[in-house]
Structure formats: structure tokens, C-alpha cells
Amino acid sequence: MTGRPFLGKLSAASLRSRFLIAILVWVALGIGGIWYSATSVFTRHIELQYHDELYGHVRELAGLVDVGKDGHIALTRPLSDPRYLEPMSGFYWQVTVDRGQTLRSASMRRGRLDDDVAHSPQVIHMVEGGPTGPAIMYGFTRLVPDGRVIHYVIATDKRYLDSAIAGFTRELTAWLMALAAALIGTGVLVIAFALRPLNRLGVAIAELRSGRREPLPGQFPSEISPLVDDLNIYIVENHAIIERARVAAGNLAHCLRTPLAIIADEAERLSEDPHGAAHGASLLRQCDIMVQQIDYHLARARSAAMAKTSGRTSLLPDIFTPLLSAMRKLHPDKVFDFKHPAGMQVNVAVDPMDLSELVSILLDNAGKWAKLRIAISLAENADKVSIRLADDGPGMTPKQMVDAFAIGTRFDSTKPGSGLGLAIARDIAEVYGIDLALEANPTGGITASLDVRATPH
Ligand SMILES: Nc1ncnc2c1ncn2[C@@H]1O[C@H](COP(=O)(O)OP(=O)(O)OP(=O)(O)O)[C@@H](O)[C@H]1O
Ligand SMILES: [Mg+2]
């Protein structure tokens with residue numbers, strides 16, 4: 001793997017992974033360094049200790065060896081360390097007189113030590129030559145009165161040194177692993193603590209996007225607070241731009257209305273003239289389409305749904321009170337029957353203006369086409385509120401229920417209307433992620449249903 005793709009991947013990784021990688025590398029280097037230096041220091045230290053012990057023992061040995069004038073040697077008493085008496089214990093000594101007698105420790109039941117070791121000023125680590133495997137040896141020489149050389153050699157099995165080092169390394173490794181785990185654990189806690197403001201920012205932005213909160217609240221660390229301030233300024237400016245665009249759209253529509261009314265008037269007159277009837281009718285049709293389009297876009301521009309992040313919420317069932325009273329006046333011969341769970345008080349993440357508009361469109365349709373009754377019901381399930389409006393009118397065919405959402409579509413010209421209601425309702429529902437559906441009632445008529453996300457308490 002080349003370095004670049006890895007760096008590319010790293011720069012795309014989350015801050016949490018970056019910190020984690022840094023901590024892992026840091027802990028691995030630190031703990032590895034401690035492990036290496038501690039084992040080296042300990043090895044050196046324990047070797048020196050073993051060497052000192054050998055020096056001491058060989059000096060004691062030399063002191064205990066009695067050399068006669070004829071070069072005969074004898075031990076005045078055993079060495080103080082009992083391990084030199086234990087058979088094959090790993091602790092051995094040997095005294096040799098050139099071309100003469102050899103004395104060996106009781107522990108050395110077999111083998112011999114190399115006399116040459118006595119000529120070296122250093123402690124020698126030998127892989128072979130020890131009676132029971134690799135050994136550490138040391139020795140020196142002295143002259144007997146007749147001029148011959150005595151070799152004093154002492155040996156300890158290297159396995160004692162190795163097992164002391166291995167025991168220390170094992171214990172050290174276990175401790176350092178525990179330390180590494182503790183450091184990584186605290187590192188993870190530190191990351192979580194340090195990144196808490198970013199998590200908070202993430203939640204605030206999610207709330208902002210869903211329209212539940214605005215602007216970004218609270219105090220943030222100095223590193224991110226300029227970002228939050230800029231974002232808040234951007235949000236305010238964005239609202240101002242939308243507001244200006246809305247006003248401009250409204251103004252444009254109003255400006256067009258009067259000339260359009262004059263054109264429609266002229267077209268009507270033309271259509272009454274036998275010579276221009278066809279032209280007049282065609283002009284009138286186009287005028288109707290233009291009026292429809294203007295009304296639709298004006299309604300959309302007015303809708304707060306344009307600024308999805310108004311941050312306002314609607315309280316159910318309270319929002320229905322003014323709407324039902326208006327509908328009862330508008331359709332006095334119809335019964336609006338409203339049912340909701342007792343004591344219900346739920347906030348939904350929809351601007352009250354938009355939810356009122358959406359519900360009014362459906363209530364108005366139900367009011368226009370119902371024979372007598374419109375049943376409105378609210379139900380709370382999980383994190384949603386479901387609003388259902390059922391009328392007992394003539395209903396629509398499945399195809400009509402799909403087509404009804406298109407701008408200007410009307411199937412019954414006996415009732416007043418411009419065919420824009422459902423198109424606007426669908427737009428508002430889409431902006432807020434509300435499920436809007438029409439379905440046929442088994443007993444005739446239409447049920448319009450809205451599934452709206454409730455805001456968390
Ligand atoms: N509850 C209903 N029962 C029967 N037909 C309906 C019902 N709701 C809508 N429709 C049909 O769908 C068409 C489109 O409805 P939509 O609300 O878009 O327009 P409108 O009510 O005719 O006019 P506007 O709502 O713009 O005043 C209606 O003209 C009507 O034919
Ligand atoms: Mg309508």
C-alpha cells in the first residue's frame with residue numbers, strides 16, 4: 001500500500017478515528033519503548049549480579065584450596081554455598097594443577113570445565129562445555145611454588161539467568177499490557193469528553209435541519225464557536241433572502257393580476273364576437289391557466305414551508321379549534337365530528353401556518369363533497385400522530401385519487417374551486433416528510449390521512 005491512499009483515507013476519517021489512531025500509535029510507541037528499555041536494563045543488571053556472585057565464589061574457592069609445597073592441592077572445607085554439593089545442581093567449580101591433580105565440586109558428577117577459561121580476564125558465556133548445558137564461567141590462574149599453574153574455574157548454568165530474565169519479562173509484559181489497556185481506555189474517555197461539543201453541535205444541526213430548533217444554541221469551545229456564529233449568521237441571512245424572494249414573488253403575482261384581468265376581459269369580449277370566438281375562447285383558456293399558476297405559486301411562496309427551518313411546532317389537537325370553527329361557518333349544512341384521545345397534547349414538527357393550511361385544504365374538500373358528516377380523528381402511535389379525515393361523499397376512483405394532486409385538476413365542476421388545494425397540500429407534506437394519502441372508504445367517500453412526526457419531549 002502506498003502512503004497517499006492511506007493519508008487520503010485518514011483525512012476522510014472521523015475525528016474520533018483520527019484521535020484513536022494517534023492514541024494507539026502513541027501508546028504502542030511509549031509502552032514498546034518502556035518494555036525495551038526496562039528489559040535491557042534488567043538484563044544488564046542481573047547479569048552483573050551473576051558475574052559478581054561468580055567473582056565472589058571463585059575467590060572463596062581460591063581461599064579454601066590449600067596448595068602443598070609439592071603442588072598437592074586439597075580443600076580445607078566445602079564452599080559456603082550448598083548448591084556446589086547438590087549433584088548436577090548447575091553450580092560447579094574445578095581446580096586443576098598443570099600436569100597434576102584436579103579437584104571438582106561434589107555437584108559435578110560428570111563432565112569437566114574448560115581450563116582455558118581461567119586465562120581469560122572476562123566472564124564467559126558458553127553455549128557448550130557446561131556439565132548441564134550452556135553455562136556462565138569465570139576463573140583465574142595462580143602459580144604453585146614449583147612453578148606450575150593452578151586453574152580455578154567456576155560455572156553456573158545459564159538457565160538460571162535466563163529464567164530470571166524470562167520471569168521478569170513475563171511479569172513486565174503483563175503489567176505493561178494492563179497499562180496500555182488503561183491508557184487506551186482513558187484515551188477513549190478523553191476523546192469522548194473532548195468531542196462532546198461536536199456531538200452537541202451535530203445534534204443541534206440535526207434539530208435545525210428538522211426545523212425543531214433555531215439558531216444553534218449554547219456556548220461552544222473557542223475552536224468551534226466561530227463556526228457556530230458563522231452558521232447562525234448564515235441562517236439569519238438565508239431567512240432574509242427567502243423572505244425577500246417570497247415578497248418579490250407575491251408582488252410579481254399581484255402586478256400580473258390586473259393586466260391579466262384586463263386581457264381576460266378583452267378575450268371574453270372577443271369570444272362574443274362571431275369572427276373572433278375561437279381566438280377569444282383560446283385566449284380565455286390560457287388566461288385561466290395563467291391565473292391558476294399564479295395562484296398556485298403565490299400560495300406556495302406564502303407558505304412557511306419555503307423556509308423549512310422556521311423551527312416552530314404545532315400543538316395538537318389545539319390547532320384544530322380555529323380551523324373547525326371556520327369550516328363550520330363555510331359549510332354550515334355539514335357536521336364536523338372531531339375525536340381525539342382525552343388529554344392529548346402533542347407537538348409536531350410542522351409550522352402551525354403550514355399545518356393549518358394543509359388540514360384546511362383537506363377539511364374544505366371533505367366539507368365540499370360530504371353528504372352530511374365528516375369524521376376527524378387523531379391518534380398517537382410511537383413517535384407519530386396520525387390525522388384522519390373521512391367524508392361520506394361520492395368518493396373518487398383510484399385513478400382520480402392519483403390525478404387529483406396535479407395542479408388545476410378538478411373532477412366536479414358543480415362545486416367551486418380552482419383545483420390547487422391538493423397540489424399545495426402535497427407540496428407542504430413533502431417538505432415536512434408528512435405521509436399524505438387518500439383512500440376510499442368502504443362505506444363510500446374518501447379518507448384523507450396524514451402521518452406527522454411528533455417532536456421529542
Ligand atoms: N373529499 C373529496 N371527495 C370527492 N372528490 C374530491 C375530494 N377531494 C378532492 N376531490 C376531487 O379532487 C379535485 C381536486 O381537489 P383540490 O382540492 O385540488 O381542488 P378543488 O377543491 O377543486 O379546488 P381548491 O381546493 O383549489 O379550491 C376536486 O376538484 C374534486 O374533484
Ligand atoms: Mg380543494
# chains A, B, ... in the order shown; residues from 1 in each chain; ligands from 1

call {"tool": "residues_around", "arguments": {"residues": "stretch 253-260 of chain A", "least_positions_apart": "2", "cutoff": "8 Å", "atoms": "only C-alpha atoms", "output": "MDAnalysis selection string"}}
result
chainID A and resid 249:251 262:264 287 291 294:295 298

call {"tool": "residues_near_ligand", "arguments": {"ligand": "ligand 2", "cutoff": "6 Å", "atoms": "only C-alpha atoms and all ligand atoms", "output": "number ranges by chain"}}
result
A: 361, 364-365, 421

call {"tool": "write_last_selection", "arguments": {"atoms": "N, CA and C atoms", "output": "tab-separated table (two decimals), in the first residue's frame"}}
result
chain	number	residue	atom	x	y	z
A	361	ILE	N	-57.12	22.49	3.64
A	361	ILE	CA	-57.36	22.04	2.27
A	361	ILE	C	-58.17	20.74	2.29
A	364	ASP	N	-61.68	21.36	3.76
A	364	ASP	CA	-62.53	22.06	2.79
A	364	ASP	C	-63.05	21.08	1.73
A	365	ASN	N	-62.15	20.22	1.24
A	365	ASN	CA	-62.59	19.23	0.25
A	365	ASN	C	-63.67	18.33	0.83
A	421	GLY	N	-55.90	22.94	-4.37
A	421	GLY	CA	-55.79	22.53	-2.97
A	421	GLY	C	-54.85	21.35	-2.75

call {"tool": "closest_atom_pairs", "arguments": {"of": "chain A", "to": "ligand 1", "cutoff": "6 Å", "atoms": "only C-alpha atoms and all ligand atoms", "output": "Markdown table"}}
result
| residue | atom | partner | partner_atom_place_in_ligand_line | distance |
| --- | --- | --- | --- | --- |
| A:Asn365 | CA | ligand 1 | 8 (N) | 4.5 |
| A:Ala366 | CA | ligand 1 | 1 (N) | 4.2 |
| A:Trp369 | CA | ligand 1 | 3 (N) | 4.9 |
| A:Gly393 | CA | ligand 1 | 3 (N) | 5.7 |
| A:Pro394 | CA | ligand 1 | 4 (C) | 5.8 |
| A:Gly395 | CA | ligand 1 | 4 (C) | 4.4 |
| A:Met396 | CA | ligand 1 | 4 (C) | 5.5 |
| A:Ala404 | CA | ligand 1 | 14 (C) | 4.6 |
| A:Phe405 | CA | ligand 1 | 18 (O) | 5.9 |
| A:Thr409 | CA | ligand 1 | 14 (C) | 5.4 |
| A:Arg410 | CA | ligand 1 | 29 (O) | 3.3 |
| A:Phe411 | CA | ligand 1 | 31 (O) | 3.6 |
| A:Asp412 | CA | ligand 1 | 31 (O) | 4.6 |
| A:Gly417 | CA | ligand 1 | 27 (O) | 3.4 |
| A:Ser418 | CA | ligand 1 | 26 (O) | 3.9 |
| A:Gly419 | CA | ligand 1 | 19 (O) | 3.2 |
| A:Leu420 | CA | ligand 1 | 26 (O) | 3.6 |
| A:Gly421 | CA | ligand 1 | 25 (O) | 3.4 |
| A:Leu422 | CA | ligand 1 | 18 (O) | 3.7 |
| A:Ala423 | CA | ligand 1 | 18 (O) | 5.7 |
| A:Ile446 | CA | ligand 1 | 1 (N) | 5.3 |

call {"tool": "write_last_selection", "arguments": {"atoms": "N, CA and C atoms", "output": "PDB file, in the first residue's frame"}}
result
ATOM      1  N   ASN A 365     -62.153  20.224   1.242  1.00  0.00           N
ATOM      2  CA  ASN A 365     -62.589  19.228   0.250  1.00  0.00           C
ATOM      3  C   ASN A 365     -63.670  18.333   0.835  1.00  0.00           C
ATOM      4  N   ALA A 366     -63.400  17.850   2.087  1.00  0.00           N
ATOM      5  CA  ALA A 366     -64.370  16.962   2.724  1.00  0.00           C
ATOM      6  C   ALA A 366     -65.692  17.702   2.900  1.00  0.00           C
ATOM      7  N   TRP A 369     -67.557  17.986  -0.464  1.00  0.00           N
ATOM      8  CA  TRP A 369     -68.120  16.805  -1.117  1.00  0.00           C
ATOM      9  C   TRP A 369     -68.890  15.871  -0.176  1.00  0.00           C
ATOM     10  N   GLY A 393     -68.963  11.448   1.146  1.00  0.00           N
ATOM     11  CA  GLY A 393     -69.325  11.960  -0.180  1.00  0.00           C
ATOM     12  C   GLY A 393     -69.261  10.901  -1.260  1.00  0.00           C
ATOM     13  N   PRO A 394     -69.224  11.343  -2.529  1.00  0.00           N
ATOM     14  CA  PRO A 394     -69.258  10.399  -3.661  1.00  0.00           C
ATOM     15  C   PRO A 394     -67.937   9.645  -3.852  1.00  0.00           C
ATOM     16  N   GLY A 395     -66.847  10.147  -3.244  1.00  0.00           N
ATOM     17  CA  GLY A 395     -65.545   9.478  -3.383  1.00  0.00           C
ATOM     18  C   GLY A 395     -64.926   9.702  -4.747  1.00  0.00           C
ATOM     19  N   MET A 396     -63.820   9.026  -5.010  1.00  0.00           N
ATOM     20  CA  MET A 396     -63.121   9.144  -6.299  1.00  0.00           C
ATOM     21  C   MET A 396     -62.664   7.768  -6.726  1.00  0.00           C
ATOM     22  N   ALA A 404     -55.719  13.709  -8.755  1.00  0.00           N
ATOM     23  CA  ALA A 404     -56.239  14.882  -8.033  1.00  0.00           C
ATOM     24  C   ALA A 404     -55.126  15.787  -7.509  1.00  0.00           C
ATOM     25  N   PHE A 405     -53.914  15.229  -7.374  1.00  0.00           N
ATOM     26  CA  PHE A 405     -52.815  16.029  -6.819  1.00  0.00           C
ATOM     27  C   PHE A 405     -52.160  16.935  -7.853  1.00  0.00           C
ATOM     28  N   THR A 409     -56.353  20.201 -11.423  1.00  0.00           N
ATOM     29  CA  THR A 409     -57.225  19.056 -11.751  1.00  0.00           C
ATOM     30  C   THR A 409     -58.499  19.118 -10.916  1.00  0.00           C
ATOM     31  N   ARG A 410     -59.632  19.034 -11.603  1.00  0.00           N
ATOM     32  CA  ARG A 410     -60.919  19.032 -10.906  1.00  0.00           C
ATOM     33  C   ARG A 410     -61.811  18.025 -11.601  1.00  0.00           C
ATOM     34  N   PHE A 411     -62.582  17.269 -10.843  1.00  0.00           N
ATOM     35  CA  PHE A 411     -63.453  16.255 -11.461  1.00  0.00           C
ATOM     36  C   PHE A 411     -64.920  16.634 -11.346  1.00  0.00           C
ATOM     37  N   ASP A 412     -65.193  17.670 -10.570  1.00  0.00           N
ATOM     38  CA  ASP A 412     -66.590  18.026 -10.336  1.00  0.00           C
ATOM     39  C   ASP A 412     -66.710  19.543 -10.401  1.00  0.00           C
ATOM     40  N   GLY A 417     -64.031  26.031  -6.871  1.00  0.00           N
ATOM     41  CA  GLY A 417     -62.643  25.637  -6.569  1.00  0.00           C
ATOM     42  C   GLY A 417     -61.739  25.893  -7.752  1.00  0.00           C
ATOM     43  N   SER A 418     -60.449  25.869  -7.513  1.00  0.00           N
ATOM     44  CA  SER A 418     -59.508  26.119  -8.601  1.00  0.00           C
ATOM     45  C   SER A 418     -58.627  24.906  -8.889  1.00  0.00           C
ATOM     46  N   GLY A 419     -58.837  23.823  -8.171  1.00  0.00           N
ATOM     47  CA  GLY A 419     -58.046  22.604  -8.436  1.00  0.00           C
ATOM     48  C   GLY A 419     -56.610  22.703  -7.920  1.00  0.00           C
ATOM     49  N   LEU A 420     -56.370  23.606  -6.984  1.00  0.00           N
ATOM     50  CA  LEU A 420     -54.994  23.781  -6.480  1.00  0.00           C
ATOM     51  C   LEU A 420     -54.781  23.155  -5.102  1.00  0.00           C
ATOM     52  N   GLY A 421     -55.895  22.938  -4.374  1.00  0.00           N
ATOM     53  CA  GLY A 421     -55.788  22.533  -2.967  1.00  0.00           C
ATOM     54  C   GLY A 421     -54.853  21.353  -2.752  1.00  0.00           C
ATOM     55  N   LEU A 422     -55.142  20.230  -3.411  1.00  0.00           N
ATOM     56  CA  LEU A 422     -54.353  19.024  -3.155  1.00  0.00           C
ATOM     57  C   LEU A 422     -52.905  19.177  -3.630  1.00  0.00           C
ATOM     58  N   ALA A 423     -52.691  19.952  -4.712  1.00  0.00           N
ATOM     59  CA  ALA A 423     -51.310  20.162  -5.191  1.00  0.00           C
ATOM     60  C   ALA A 423     -50.494  20.880  -4.116  1.00  0.00           C
ATOM     61  N   ILE A 446     -64.263   9.488   0.962  1.00  0.00           N
ATOM     62  CA  ILE A 446     -62.797   9.463   0.939  1.00  0.00           C
ATOM     63  C   ILE A 446     -62.285   9.619   2.373  1.00  0.00           C
TER      64      ILE A 446
END

call {"tool": "select_by_dssp", "arguments": {"residues": "stretch 90-146 of chain A", "states": "strand (DSSP E or B)", "output": "ChimeraX atom specification"}}
result
/A:91-97,102-104,124-126,135-143

call {"tool": "select_by_dssp", "arguments": {"residues": "stretch 68-281 of chain A", "states": "alpha helix (DSSP H)", "output": "PyMOL selection string"}}
result
chain A and resi 158-194+196-209+225-272+277-281

call {"tool": "residues_around", "arguments": {"residues": "A:Asp392", "least_positions_apart": "3", "cutoff": "7 Å", "atoms": "only C-alpha atoms", "output": "PyMOL selection string"}}
result
chain A and resi 370-374+444-445
